[in-house]
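Q: A single structure is presented below for examination.
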Amino acid sequence: MNNLRTPLSRVRLLGSAKDGTAKFILQRVTALALIPLLVWFVSSVIFYIHKADHAALVSWITSSWNSTLLILLLINLFYHTVIGLQEVIEDYVHSHYMKLFMIIFIKFFFITIAFASILAVLKF
């Protein structure tokens, strides 16, 4: 009763890859980190940026506190998105080569977008 695997799966060495738990935990941790960052960003948009002109917006972004939180928000948001999309692709795309291509494409795409977004914040 200790081994619930079939004889065929024991021969093929099929079993748990022990990889899903780390992704599951990372997905939840990034979601929890996004909560205060998004509350800060939405409240900033509602109370400050909404009424600001371009010069005030630039001064808001260039303050060290706001730029740091904005960069943390961007990194966390894009990382959370990549983890979630990778899980969806791994679960629902059955062709090995298509799965590999889509995961590589998504990672390069979001790394590029994250890099451009962080540079845009730092440029101010």
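Residues in the structure tokens are numbered from 1 in each chain, the chains being A, B, ... in the order shown, and ligands are numbered from 1 in the order shown.
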Find the residues around His80 (chain A) up to 7 Å (only C-alpha atoms counted), leave out those fewer than 4 positions away in its own chain, and share them as number ranges by chain.

A: A: 27, 30-31, 76, 84

Q: Just asking: which residues within region 13-118 of chain A are alpha helix (DSSP H) according to DSSP, as a PyMOL selection string?

A: chain A and resi 20-47+54-62+64-92+96-118

Q: Env of region 112-120 of chain A: 9 Å cut, atoms = only C-alpha atoms, seq-sep filter 4 positions within chain, self excluded. Answer as a PyMOL selection string.

A: chain A and resi 70-71+74-75+78-79+107-108+124

Q: Would you please work out which residue, of A:Ser95, A:Ser44, A:Thr21, A:Thr6, is nearest to Ile61 (chain A) when using only C-alpha atoms?

A: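 Looking only at the distances to Ile61 (chain A), the closest residue turns out to be A:Ser44.
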
Q: Quote the spacing between CA of Trp60 (chain A) and CA of Val121 (chain A) in Å to one decimal place.

A: 10.8 Å

Q: Taking only C-alpha atoms into account, which of A:Ala56, A:Leu26, A:Tyr97, A:Leu4 comes nearest Thr81 (chain A)?

A: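 Looking at the shortest contact to Thr81 (chain A), the residue is A:Leu26.
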